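Have a look at model_11.txt; it's compact mmCIF, C-alpha atoms:
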# COMPACT_ATOMS: atom_id res chain seq x y z
CA MET J 23 -55.99 -28.93 -3.63
CA ARG J 24 -59.09 -28.64 -5.75
CA ASN J 25 -57.63 -25.67 -7.56
CA LEU J 26 -54.46 -27.60 -8.24
CA PHE J 27 -56.52 -30.41 -9.66
CA LEU J 28 -58.46 -27.99 -11.86
CA PHE J 29 -55.24 -26.40 -13.00
CA PHE J 30 -53.88 -29.75 -14.13
CA ARG J 31 -57.16 -30.55 -15.82
CA LYS J 32 -57.21 -27.32 -17.69
CA HIS J 33 -53.66 -27.63 -18.95
CA TYR J 34 -53.56 -31.40 -19.26
CA PHE J 35 -52.50 -31.16 -22.91
CA ILE J 36 -49.25 -29.46 -22.03
CA PHE J 37 -48.58 -31.72 -19.08
CA LEU J 38 -49.24 -34.86 -21.05
CA PHE J 39 -46.99 -33.53 -23.78
CA LEU J 40 -44.20 -32.79 -21.32
CA PHE J 41 -44.64 -36.17 -19.69
CA LEU J 42 -44.40 -38.11 -22.97
CA GLU J 43 -41.49 -35.99 -24.13
CA VAL J 44 -39.58 -36.61 -20.91
CA VAL J 45 -40.26 -40.35 -21.15
CA SER J 46 -38.93 -40.38 -24.72
CA LEU J 47 -35.85 -38.39 -23.86
CA ILE J 48 -35.08 -40.60 -20.87
CA PHE J 49 -35.26 -43.60 -23.16
CA LEU J 50 -33.06 -41.84 -25.67
CA PHE J 51 -30.30 -40.61 -23.39
CA ARG J 52 -30.27 -43.31 -20.76
CA TYR J 53 -30.39 -46.05 -23.33
CA ASN J 54 -27.08 -47.58 -22.34
CA ASP J 55 -28.30 -48.08 -18.80
CA TYR J 56 -31.26 -50.00 -20.10
CA GLN J 57 -29.26 -52.25 -22.35
CA ASN J 58 -30.29 -55.41 -20.64
CA ALA J 59 -33.67 -54.16 -19.60
CA VAL J 60 -36.51 -56.62 -19.82
CA ILE J 61 -38.47 -54.42 -22.19
CA TYR J 62 -35.77 -54.63 -24.81
CA GLY J 63 -35.65 -58.38 -24.54
CA TRP J 64 -39.12 -58.87 -25.88
CA THR J 65 -39.39 -55.88 -28.17
CA SER J 66 -36.27 -57.08 -30.01
CA GLU J 67 -37.93 -60.44 -30.38
CA ILE J 68 -40.95 -58.84 -32.06
CA SER J 69 -39.01 -56.61 -34.42
CA GLY J 70 -36.66 -59.52 -35.10
CA VAL J 71 -39.45 -61.80 -36.24
CA VAL J 72 -40.84 -59.13 -38.58
CA ASN J 73 -37.43 -58.22 -39.96
CA SER J 74 -36.41 -61.80 -40.62
CA ALA J 75 -39.72 -62.58 -42.33
CA PHE J 76 -39.18 -59.62 -44.65
CA ARG J 77 -35.56 -60.51 -45.21
CA ASN J 78 -36.56 -64.04 -46.22
CA VAL J 79 -38.22 -62.50 -49.24
CA SER J 80 -35.89 -59.61 -50.03
CA GLU J 81 -32.84 -61.87 -49.81
CA TYR J 82 -33.69 -63.43 -53.15
CA PHE J 83 -32.99 -60.17 -54.91
CA SER J 84 -29.34 -60.21 -53.88
CA LEU J 85 -28.64 -63.93 -54.24
CA LYS J 86 -26.26 -63.43 -57.10
CA ARG J 87 -24.20 -60.91 -55.18
CA THR J 88 -24.21 -62.96 -51.99
CA ASN J 89 -23.00 -65.93 -53.96
CA PHE J 90 -20.19 -63.89 -55.43
CA VAL J 91 -19.07 -62.64 -52.03
CA LEU J 92 -19.14 -66.11 -50.50
CA ASN J 93 -17.19 -67.43 -53.44
CA GLU J 94 -14.52 -64.80 -53.00
CA GLU J 95 -14.27 -65.63 -49.34
CA ASN J 96 -13.91 -69.31 -50.16
CA VAL J 97 -11.03 -68.53 -52.45
CA THR J 98 -9.13 -66.66 -49.75
CA LEU J 99 -9.82 -69.40 -47.22
CA HIS J 100 -8.72 -72.15 -49.58
CA ALA J 101 -5.47 -70.31 -50.08
CA ARG J 102 -4.79 -70.70 -46.38
CA MET J 103 -5.41 -74.45 -46.25
CA PRO J 104 -2.33 -76.64 -45.69
CA GLU J 105 -3.01 -78.34 -49.03
CA ALA J 106 -2.45 -75.06 -50.80
CA PHE J 107 1.20 -74.95 -49.78
CA TYR J 108 3.97 -76.64 -51.62
CA ILE J 109 6.47 -77.95 -49.15
CA THR J 110 9.95 -76.94 -50.24
CA ASP J 111 11.81 -78.42 -47.31
CA THR J 112 12.28 -82.08 -46.60
CA ALA J 113 12.16 -81.49 -42.87
CA ILE J 114 8.47 -81.07 -42.34
CA GLU J 115 7.51 -78.83 -39.49
CA PHE J 116 5.82 -80.65 -36.67
CA ARG J 117 3.20 -78.80 -34.66
CA ASP J 118 2.14 -80.10 -31.31
CA ASP J 119 -1.57 -79.55 -30.81
CA SER J 120 -1.13 -77.99 -27.42
CA LEU J 121 0.97 -75.28 -29.00
CA MET J 122 -1.94 -74.09 -31.08
CA GLN J 123 -5.07 -73.08 -29.33
CA ALA J 124 -7.93 -71.36 -31.08
CA GLU J 125 -8.20 -67.80 -29.84
CA TYR J 126 -11.28 -66.87 -31.81
CA ARG J 127 -14.43 -68.67 -32.72
CA PHE J 128 -16.96 -67.28 -35.19
CA ILE J 129 -20.73 -67.42 -35.16
CA SER J 130 -22.20 -67.03 -38.62
CA ALA J 131 -25.33 -64.89 -38.75
CA ARG J 132 -27.62 -63.31 -41.29
CA VAL J 133 -28.28 -59.58 -41.32
CA ILE J 134 -32.03 -59.06 -41.12
CA SER J 135 -32.19 -55.30 -40.76
CA ASN J 136 -29.66 -52.67 -41.67
CA THR J 137 -29.49 -48.94 -42.29
CA THR J 138 -26.75 -46.71 -43.65
CA ASN J 139 -28.65 -43.47 -44.03
CA ARG J 140 -28.74 -42.21 -40.45
CA ARG J 141 -26.23 -40.55 -38.24
CA ASN J 142 -26.35 -43.59 -35.98
CA ASN J 143 -26.81 -46.87 -37.75
CA TYR J 144 -27.60 -50.27 -36.34
CA LEU J 145 -27.92 -53.75 -37.79
CA MET J 146 -29.96 -56.63 -36.54
CA ILE J 147 -28.77 -60.22 -36.93
CA ASN J 148 -30.64 -63.46 -36.47
CA LYS J 149 -28.43 -64.93 -33.73
CA GLY J 150 -28.82 -64.15 -30.05
CA SER J 151 -27.90 -65.24 -26.55
CA LEU J 152 -29.14 -68.73 -27.40
CA HIS J 153 -26.26 -69.06 -29.86
CA GLY J 154 -23.68 -67.54 -27.56
CA VAL J 155 -23.72 -63.93 -28.75
CA LYS J 156 -22.90 -61.46 -25.99
CA PRO J 157 -22.69 -57.65 -25.85
CA GLN J 158 -19.29 -56.16 -26.76
CA MET J 159 -18.44 -58.87 -29.25
CA GLY J 160 -17.08 -57.75 -32.62
CA VAL J 161 -18.82 -58.42 -35.91
CA ILE J 162 -17.02 -58.89 -39.22
CA THR J 163 -17.83 -60.03 -42.71
CA GLY J 164 -15.19 -61.98 -44.53
CA ASN J 165 -12.10 -60.27 -43.25
CA LYS J 166 -13.69 -56.84 -43.05
CA ILE J 167 -15.07 -54.87 -40.15
CA VAL J 168 -18.81 -54.40 -39.53
CA GLY J 169 -19.49 -53.36 -35.95
CA GLN J 170 -19.98 -54.40 -32.39
CA VAL J 171 -22.80 -56.16 -30.53
CA VAL J 172 -24.66 -53.84 -28.18
CA ASN J 173 -27.88 -55.59 -27.37
CA VAL J 174 -28.84 -59.25 -27.23
CA SER J 175 -32.17 -60.99 -26.94
CA ARG J 176 -32.74 -64.75 -27.12
CA HIS J 177 -32.81 -65.11 -30.89
CA PHE J 178 -31.60 -61.75 -32.19
CA SER J 179 -28.96 -59.11 -31.55
CA TRP J 180 -28.47 -55.46 -32.36
CA ILE J 181 -25.12 -54.46 -33.80
CA LEU J 182 -23.74 -50.95 -33.50
CA SER J 183 -22.44 -50.35 -36.99
CA VAL J 184 -19.11 -48.66 -37.69
CA LEU J 185 -21.39 -45.98 -39.15
CA HIS J 186 -22.29 -44.57 -35.73
CA LYS J 187 -21.55 -41.41 -33.81
CA GLU J 188 -20.07 -43.43 -30.95
CA SER J 189 -17.97 -45.82 -33.01
CA ARG J 190 -14.24 -45.36 -32.50
CA ILE J 191 -12.06 -48.20 -33.70
CA SER J 192 -8.53 -48.75 -32.56
CA ALA J 193 -6.64 -49.33 -35.79
CA ARG J 194 -3.16 -49.41 -37.30
CA PHE J 195 -1.41 -48.97 -40.60
CA LEU J 196 -0.81 -52.33 -42.21
CA LYS J 197 2.55 -51.22 -43.55
CA ASN J 198 4.21 -50.01 -40.36
CA ASN J 199 1.89 -50.83 -37.46
CA GLN J 200 1.45 -47.18 -36.43
CA LEU J 201 -1.59 -46.86 -34.19
CA VAL J 202 -4.46 -44.61 -35.28
CA SER J 203 -8.18 -44.46 -34.64
CA VAL J 204 -11.02 -44.63 -37.15
CA GLU J 205 -14.33 -42.79 -36.87
CA TRP J 206 -17.32 -42.04 -39.08
CA PRO J 207 -18.06 -38.34 -39.64
CA GLY J 208 -21.58 -39.01 -40.84
CA ASN J 209 -21.66 -38.06 -44.49
CA TYR J 210 -21.46 -40.89 -46.90
CA TYR J 211 -21.54 -44.50 -45.83
CA ARG J 212 -18.40 -45.37 -47.78
CA THR J 213 -16.03 -42.79 -46.31
CA GLY J 214 -14.62 -42.67 -42.81
CA ILE J 215 -11.95 -40.62 -41.13
CA VAL J 216 -8.62 -41.68 -39.67
CA LYS J 217 -7.51 -39.67 -36.64
CA GLU J 218 -4.39 -39.42 -34.54
CA ILE J 219 -1.91 -40.03 -37.34
CA PRO J 220 1.54 -39.01 -36.04
CA LYS J 221 2.91 -36.01 -37.89
CA HIS J 222 6.13 -37.63 -39.04
CA LEU J 223 4.33 -40.49 -40.71
CA MET J 224 4.38 -40.73 -44.48
CA VAL J 225 0.81 -41.38 -45.56
CA LEU J 226 -0.01 -42.32 -49.13
CA PRO J 227 -3.37 -42.83 -50.79
CA GLY J 228 -4.07 -46.52 -50.88
CA ASP J 229 -2.46 -47.39 -47.55
CA THR J 230 -4.48 -50.08 -45.84
CA ILE J 231 -5.85 -49.57 -42.34
CA VAL J 232 -6.58 -52.65 -40.24
CA THR J 233 -7.75 -53.25 -36.68
CA SER J 234 -5.03 -53.08 -34.09
CA GLY J 235 -6.18 -55.95 -31.91
CA ASN J 236 -5.69 -53.77 -28.85
CA SER J 237 -9.30 -54.12 -27.77
CA GLU J 238 -11.03 -57.38 -26.98
CA ILE J 239 -13.61 -56.64 -29.63
CA PHE J 240 -11.83 -57.34 -32.90
CA PRO J 241 -8.99 -59.71 -33.68
CA ASN J 242 -5.81 -58.19 -35.01
CA GLY J 243 -5.65 -57.38 -38.72
CA ILE J 244 -9.30 -57.14 -39.71
CA ARG J 245 -9.50 -54.90 -42.79
CA ILE J 246 -11.13 -51.49 -42.28
CA GLY J 247 -10.36 -49.39 -45.33
CA VAL J 248 -7.82 -47.68 -47.54
CA ILE J 249 -6.56 -44.10 -47.21
CA ASP J 250 -8.02 -41.61 -49.65
CA GLN J 251 -6.26 -38.40 -48.83
CA LEU J 252 -4.19 -36.94 -46.04
CA MET J 253 -5.54 -33.78 -44.43
CA GLU J 254 -2.75 -31.96 -42.63
CA GLN J 255 -3.79 -30.26 -39.41
CA ARG J 256 -1.44 -27.34 -38.96
CA ASP J 257 -2.34 -26.41 -35.42
CA GLU J 258 -2.74 -29.86 -33.97
CA ASN J 259 -0.37 -32.58 -32.92
CA PHE J 260 -1.81 -35.21 -35.20
CA ASN J 261 -2.90 -35.38 -38.81
CA THR J 262 -6.15 -36.83 -40.04
CA ALA J 263 -6.97 -38.59 -43.28
CA SER J 264 -10.09 -39.66 -45.10
CA LEU J 265 -10.54 -43.31 -45.85
CA THR J 266 -12.77 -45.51 -47.97
CA PHE J 267 -14.27 -48.43 -46.11
CA LEU J 268 -13.59 -51.81 -47.65
CA THR J 269 -16.86 -53.08 -46.25
CA ASP J 270 -19.91 -52.27 -48.34
CA PHE J 271 -22.26 -51.51 -45.47
CA ASN J 272 -25.19 -51.14 -47.79
CA ALA J 273 -24.94 -54.70 -49.07
CA LEU J 274 -24.37 -56.81 -45.98
CA GLY J 275 -25.81 -60.30 -46.21
CA TYR J 276 -23.99 -62.67 -43.92
CA VAL J 277 -21.70 -61.67 -41.09
CA GLU J 278 -19.64 -63.42 -38.42
CA VAL J 279 -19.71 -62.62 -34.73
CA VAL J 280 -16.25 -62.84 -33.21
CA VAL J 281 -16.05 -64.80 -29.98
CA ASP J 282 -12.80 -64.16 -28.16
CA MET J 283 -12.11 -67.36 -26.23
CA PHE J 284 -9.78 -65.55 -23.84
CA ARG J 285 -12.02 -62.59 -23.25
CA ASP J 286 -12.78 -63.46 -19.62
CA GLU J 287 -9.11 -63.97 -18.92
CA LYS J 288 -8.16 -60.67 -20.55
CA GLU J 289 -10.86 -58.81 -18.69
CA ARG J 290 -9.85 -60.33 -15.39
CA LEU J 291 -6.28 -59.31 -16.01
CA LYS J 292 -7.35 -55.77 -16.82
CA ALA J 293 -9.55 -55.58 -13.73
CA SER J 294 -6.78 -56.81 -11.47
CA PHE J 295 -4.50 -54.16 -12.93
CA LYS J 296 -6.95 -51.43 -12.04
CA GLU J 297 -7.07 -52.53 -8.43
CA LEU J 298 -3.38 -51.94 -7.92
CA MET D 29 -67.01 -44.68 -35.65
CA THR D 30 -65.80 -48.30 -35.68
CA ASN D 31 -65.03 -47.88 -39.34
CA LEU D 32 -62.90 -44.86 -38.53
CA ILE D 33 -60.97 -46.72 -35.83
CA VAL D 34 -60.39 -49.77 -38.01
CA ARG D 35 -59.22 -47.61 -40.88
CA ASN D 36 -56.78 -45.77 -38.63
CA ILE D 37 -55.42 -48.99 -37.15
CA ILE D 38 -54.78 -50.36 -40.64
CA ARG D 39 -53.16 -47.09 -41.67
CA PHE D 40 -51.00 -47.15 -38.53
CA LEU D 41 -49.74 -50.66 -39.19
CA PHE D 42 -49.24 -50.07 -42.90
CA LEU D 43 -47.26 -46.86 -42.39
CA VAL D 44 -45.05 -48.35 -39.65
CA PHE D 45 -44.19 -51.39 -41.76
CA PHE D 46 -43.74 -49.34 -44.90
CA GLN D 47 -41.40 -47.07 -42.96
CA VAL D 48 -39.24 -49.69 -41.31
CA LEU D 49 -39.13 -52.24 -44.11
CA ILE D 50 -38.93 -50.04 -47.21
CA LEU D 51 -38.24 -46.37 -46.52
CA ASN D 52 -35.53 -46.96 -43.92
CA ASN D 53 -33.47 -48.60 -46.65
CA ILE D 54 -33.67 -45.60 -48.94
CA ASN D 55 -30.48 -43.63 -49.05
CA LEU D 56 -30.12 -40.70 -51.41
CA GLY D 57 -26.64 -39.24 -51.38
CA GLY D 58 -26.16 -40.31 -47.80
CA TYR D 59 -28.25 -37.42 -46.56
CA THR D 60 -31.84 -37.93 -47.42
CA ASN D 61 -34.25 -40.34 -45.93
CA PRO D 62 -38.01 -39.87 -45.88
CA TYR D 63 -40.18 -40.38 -42.83
CA LEU D 64 -43.59 -41.00 -44.28
CA TYR D 65 -44.99 -42.47 -41.06
CA VAL D 66 -45.76 -38.95 -39.78
CA TYR D 67 -48.49 -38.93 -42.43
CA PHE D 68 -50.54 -40.87 -39.88
CA ILE D 69 -50.55 -37.90 -37.50
CA LEU D 70 -51.35 -35.50 -40.34
CA LEU D 71 -54.41 -37.50 -41.35
CA LEU D 72 -56.07 -37.90 -37.94
CA PRO D 73 -59.53 -36.27 -37.87
CA PHE D 74 -59.80 -32.70 -36.61
CA ALA D 75 -62.04 -33.83 -33.77
CA THR D 76 -59.47 -36.26 -32.34
CA PRO D 77 -59.19 -35.58 -28.59
CA ARG D 78 -55.81 -34.04 -27.91
CA TRP D 79 -54.67 -36.65 -25.43
CA ILE D 80 -55.36 -39.38 -27.97
CA LEU D 81 -53.36 -37.37 -30.49
CA LEU D 82 -50.34 -37.29 -28.17
CA LEU D 83 -50.61 -40.93 -27.17
CA LEU D 84 -50.94 -42.10 -30.76
CA ALA D 85 -47.96 -39.98 -31.72
CA PHE D 86 -45.91 -41.55 -28.95
CA LEU D 87 -47.07 -45.01 -29.98
CA ILE D 88 -46.23 -44.69 -33.66
CA GLY D 89 -42.91 -43.01 -32.95
CA PHE D 90 -41.97 -45.70 -30.50
CA SER D 91 -43.04 -48.47 -32.89
CA VAL D 92 -40.67 -47.11 -35.51
CA ASP D 93 -37.96 -46.79 -32.85
CA LEU D 94 -38.21 -50.46 -31.97
CA PHE D 95 -37.14 -51.38 -35.47
CA THR D 96 -34.18 -49.02 -35.61
CA ASN D 97 -32.82 -49.53 -32.10
CA THR D 98 -33.23 -45.86 -31.22
CA PRO D 99 -35.72 -45.94 -28.34
CA GLY D 100 -37.27 -42.52 -27.77
CA LEU D 101 -35.81 -40.75 -30.79
CA ASN D 102 -38.72 -40.94 -33.20
CA ALA D 103 -41.15 -40.89 -30.27
CA ALA D 104 -39.82 -37.55 -29.01
CA ALA D 105 -40.00 -35.96 -32.45
CA THR D 106 -43.48 -37.28 -33.20
CA VAL D 107 -44.90 -36.22 -29.83
CA LEU D 108 -43.55 -32.71 -30.40
CA MET D 109 -45.14 -32.65 -33.81
CA ALA D 110 -48.51 -33.83 -32.47
CA PHE D 111 -48.33 -31.19 -29.76
CA CYS D 112 -47.88 -28.49 -32.39
CA ARG D 113 -50.64 -29.78 -34.65
CA PRO D 114 -53.62 -27.92 -33.10
CA TYR D 115 -51.63 -24.67 -33.05
CA VAL D 116 -50.52 -25.06 -36.66
CA ILE D 117 -54.09 -25.76 -37.75
CA ARG D 118 -55.31 -22.67 -35.92
CA ALA D 119 -52.52 -20.54 -37.37
CA ILE D 120 -52.96 -21.42 -41.01
CA SER D 121 -56.74 -21.66 -41.43
CA ARG D 122 -59.08 -18.72 -41.77
CA GLU D 123 -62.14 -20.89 -41.22
CA SER D 124 -63.28 -22.06 -37.79
CA GLU D 125 -62.59 -25.66 -36.90
CA GLU D 126 -66.13 -26.79 -37.74
CA GLU D 127 -65.88 -25.44 -41.26
CA LEU D 128 -62.70 -27.36 -41.98
CA GLY D 129 -64.56 -30.65 -42.33
CA VAL D 130 -63.80 -34.01 -40.81
CA ASN D 131 -60.33 -34.98 -42.00
CA PRO D 132 -57.38 -32.92 -43.16
CA SER D 133 -57.09 -33.68 -46.86
CA LEU D 134 -55.71 -32.18 -50.01
CA ARG D 135 -58.99 -32.49 -51.89
CA THR D 136 -61.28 -30.77 -49.45
CA LEU D 137 -58.96 -28.07 -48.14
CA GLY D 138 -56.96 -27.23 -51.21
CA PHE D 139 -53.32 -27.34 -52.14
CA ARG D 140 -52.25 -24.21 -50.27
CA TRP D 141 -53.73 -25.21 -46.95
CA PHE D 142 -52.53 -28.78 -47.09
CA PHE D 143 -49.06 -27.77 -48.27
CA PHE D 144 -48.43 -25.40 -45.38
CA TYR D 145 -50.07 -27.76 -42.92
CA SER D 146 -47.79 -30.64 -43.85
CA LEU D 147 -44.74 -28.44 -44.44
CA PHE D 148 -44.78 -26.93 -40.95
CA LEU D 149 -45.48 -30.18 -39.14
CA VAL D 150 -42.98 -32.25 -41.12
CA LEU D 151 -40.34 -29.55 -40.62
CA ILE D 152 -40.91 -29.58 -36.86
CA HIS D 153 -40.69 -33.35 -36.80
CA HIS D 154 -37.55 -33.55 -38.93
CA PHE D 155 -35.84 -30.75 -37.04
CA ALA D 156 -36.36 -32.50 -33.73
CA LEU D 157 -35.47 -35.89 -35.16
CA PHE D 158 -32.21 -35.02 -36.89
CA TYR D 159 -30.88 -32.68 -34.24
CA LEU D 160 -31.65 -35.15 -31.47
CA GLU D 161 -29.95 -37.84 -33.50
CA ALA D 162 -26.77 -35.89 -34.20
CA PHE D 163 -26.81 -33.99 -30.89
CA ARG D 164 -23.68 -32.08 -31.77
CA PHE D 165 -23.24 -28.47 -32.67
CA SER D 166 -20.18 -29.27 -34.72
CA GLU D 167 -22.46 -30.94 -37.24
CA PHE D 168 -24.99 -28.12 -37.35
CA VAL D 169 -24.83 -27.34 -41.07
CA ARG D 170 -24.71 -30.93 -42.18
CA THR D 171 -27.70 -31.77 -40.02
CA PHE D 172 -29.56 -28.76 -41.37
CA LEU D 173 -29.01 -30.02 -44.89
CA ARG D 174 -30.43 -33.37 -43.88
CA VAL D 175 -33.50 -31.68 -42.41
CA VAL D 176 -34.18 -29.69 -45.57
CA THR D 177 -33.65 -32.45 -48.12
CA SER D 178 -35.50 -35.05 -46.08
CA THR D 179 -38.42 -32.69 -45.51
CA ALA D 180 -38.70 -32.17 -49.25
CA PHE D 181 -38.61 -35.90 -49.86
CA THR D 182 -41.20 -36.65 -47.17
CA LEU D 183 -43.49 -33.93 -48.53
CA VAL D 184 -43.29 -35.36 -52.04
CA LEU D 185 -44.27 -38.79 -50.70
CA ILE D 186 -47.13 -37.31 -48.67
CA PHE D 187 -48.54 -35.52 -51.71
CA LEU D 188 -48.13 -38.59 -53.88
CA SER D 189 -50.04 -40.74 -51.38
CA GLU D 190 -52.64 -38.02 -51.01
CA LEU D 191 -53.19 -38.02 -54.78
CA LEU D 192 -53.08 -41.80 -55.04
CA PHE D 193 -55.28 -42.91 -52.17
CA TYR D 194 -57.55 -39.98 -51.46
CA ALA D 195 -58.26 -38.68 -54.93
CA ARG D 196 -61.84 -39.98 -54.79
CA GLY D 197 -62.40 -38.47 -51.36
CA LYS D 198 -64.52 -35.59 -52.52
CA GLU D 199 -67.07 -37.63 -54.43
CA LYS D 200 -67.61 -39.85 -51.44
CA ARG D 201 -68.46 -37.08 -49.08
As structure tokens, what does this structure read like?
Amino acid sequence: MRNLFLFFRKHYFIFLFLFLEVVSLIFLFRYNDYQNAVIYGWTSEISGVVNSAFRNVSEYFSLKRTNFVLNEENVTLHARMPEAFYITDTAIEFRDDSLMQAEYRFISARVISNTTNRRNNYLMINKGSLHGVKPQMGVITGNKIVGQVVNVSRHFSWILSVLHKESRISARFLKNNQLVSVEWPGNYYRTGIVKEIPKHLMVLPGDTIVTSGNSEIFPNGIRIGVIDQLMEQRDENFNTASLTFLTDFNALGYVEVVVDMFRDEKERLKASFKEL
Amino acid sequence: MTNLIVRNIIRFLFLVFFQVLILNNINLGGYTNPYLYVYFILLLPFATPRWILLLLAFLIGFSVDLFTNTPGLNAAATVLMAFCRPYVIRAISRESEEELGVNPSLRTLGFRWFFFYSLFLVLIHHFALFYLEAFRFSEFVRTFLRVVTSTAFTLVLIFLSELLFYARGKEKR
């Protein structure tokens, strides 16, 4: 026993090293299991306070741009208002309120920390569980895709950016609704890759890719990007293509968290299906 | 002694905030991002007990992790780097440890020594960091490119700070 003790004492440097390394790697690879761990609740609060204090200052440098983006968004929204339509028919359509029920609600949030230069990028926003943000919710800006909530503390949340190793978005062609999936290969923050394009499909540069709405994360039709170039895969069943993201991930100011009002219902339905 | 501790605490905080608030936003060609915070480990005095070295490395790595939502990633790389530090010092210096002086610095130990010292340790750190982050063999070459360019960038920043902040070091001692 004494010899064992002496042995550990003599080589404590290596053992301490191994111990710390194992602790780090456990954190790294079991991260998803710790998503709601207490430790992340308060550490996010600390980093959130620092990030938002810094952002309060740095935001001034991009005011002009932010203003421009918001303006553009206003224009598109105004175009959808009832007042913007000229009624050509004398028989005015009557809509009963109970026929229209809001499916999505949006929580506006400010990005307080963001990277685009890593293999796995995350954003932090200044809204948290207090404001109704929950893990698995989608995040968009204007009508363009940003990412997905992975971690929520009281006042802040972490968003897994589209620019992440694990991000895989169910998408479709705007022109013919063909389902594909979008990933990020990790080079440049503006280019992604479209996978699982059926071989027979005619793909042209400039085709728009939007979200499919098949997952509960994003509503249908959120803009992802436009096709750059088709890359034919001779020995595979599907083609791939490169795409340019419409979202400028390096200049995110304000984003909206998508709250699916029917999420519980959809999930319950899915769960009941599995039991069969 | 107290002076030394206070100075290191200030350096710790400064480097962590500089890293997470400024350097993490730097993006050169989508590949290159500097990790200047490892400079803290490089600058610790030669006489630092090894267990403190490891614990400080874990602490600074984990602090950076908290701001990037990658718990354990920077910590693992920094701990590995701190573990290698005594061996690198022994390998590259002809003098005994007492003759090296108090702190590793460009002024007192010369360009050659400091260059290889920081090169090896930063390389180890960046290797571990980028390969743990990608964790795919299919991206081997791309990740390698990131390691090389980022190491160069980090080294430039280290030498710039060394020239800026520690240029008067020799006169003081």
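With distances taken over all atoms listed in the file, J:Leu47 is the one residue among J:Val91, J:Leu47, J:Leu38, J:Leu28 lying closest to Leu101 in chain D.
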Legend entry - Residue contacts of range 143-147 of chain D (12 Å, all atoms listed in the file) excluding same-chain residues fewer than 5 positions away, as JSON, numbers by chain: {"D": [64, 66, 67, 68, 69, 70, 71, 109, 110, 112, 113, 114, 115, 116, 117, 118, 119, 120, 121, 132, 133, 134, 135, 137, 138, 152, 153, 154, 155, 175, 176, 178, 179, 180, 181, 182, 183, 184, 185, 186, 187, 190]}
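For the pair CA of Phe90 in chain J and CA of Ile167 in chain J, the interatomic distance is 18.5 Å.
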Inset, instruction - Provide as a ChimeraX atom specification the residues of chain D at most 7 Å from chain J, counting only C-alpha atoms. - result: /D:52-53,55,58-59,61,78-79,82,94-101,103-104,107,111,161-162
If you keep C-alpha atoms, can you produce a file of those selected residues as a PDB file, in the frame of the given file?
ATOM      1  CA  ASN D  52     -35.530 -46.960 -43.920  1.00  0.00           C
ATOM      2  CA  ASN D  53     -33.470 -48.600 -46.650  1.00  0.00           C
ATOM      3  CA  ASN D  55     -30.480 -43.630 -49.050  1.00  0.00           C
ATOM      4  CA  GLY D  58     -26.160 -40.310 -47.800  1.00  0.00           C
ATOM      5  CA  TYR D  59     -28.250 -37.420 -46.560  1.00  0.00           C
ATOM      6  CA  ASN D  61     -34.250 -40.340 -45.930  1.00  0.00           C
ATOM      7  CA  ARG D  78     -55.810 -34.040 -27.910  1.00  0.00           C
ATOM      8  CA  TRP D  79     -54.670 -36.650 -25.430  1.00  0.00           C
ATOM      9  CA  LEU D  82     -50.340 -37.290 -28.170  1.00  0.00           C
ATOM     10  CA  LEU D  94     -38.210 -50.460 -31.970  1.00  0.00           C
ATOM     11  CA  PHE D  95     -37.140 -51.380 -35.470  1.00  0.00           C
ATOM     12  CA  THR D  96     -34.180 -49.020 -35.610  1.00  0.00           C
ATOM     13  CA  ASN D  97     -32.820 -49.530 -32.100  1.00  0.00           C
ATOM     14  CA  THR D  98     -33.230 -45.860 -31.220  1.00  0.00           C
ATOM     15  CA  PRO D  99     -35.720 -45.940 -28.340  1.00  0.00           C
ATOM     16  CA  GLY D 100     -37.270 -42.520 -27.770  1.00  0.00           C
ATOM     17  CA  LEU D 101     -35.810 -40.750 -30.790  1.00  0.00           C
ATOM     18  CA  ALA D 103     -41.150 -40.890 -30.270  1.00  0.00           C
ATOM     19  CA  ALA D 104     -39.820 -37.550 -29.010  1.00  0.00           C
ATOM     20  CA  VAL D 107     -44.900 -36.220 -29.830  1.00  0.00           C
ATOM     21  CA  PHE D 111     -48.330 -31.190 -29.760  1.00  0.00           C
ATOM     22  CA  GLU D 161     -29.950 -37.840 -33.500  1.00  0.00           C
ATOM     23  CA  ALA D 162     -26.770 -35.890 -34.200  1.00  0.00           C
TER      24      ALA D 162
END
Inset, instruction - For CA of Val204 in chain J and CA of Ser84 in chain J, quote the distance in Å rounded to one decimal. - result: 29.3 Å
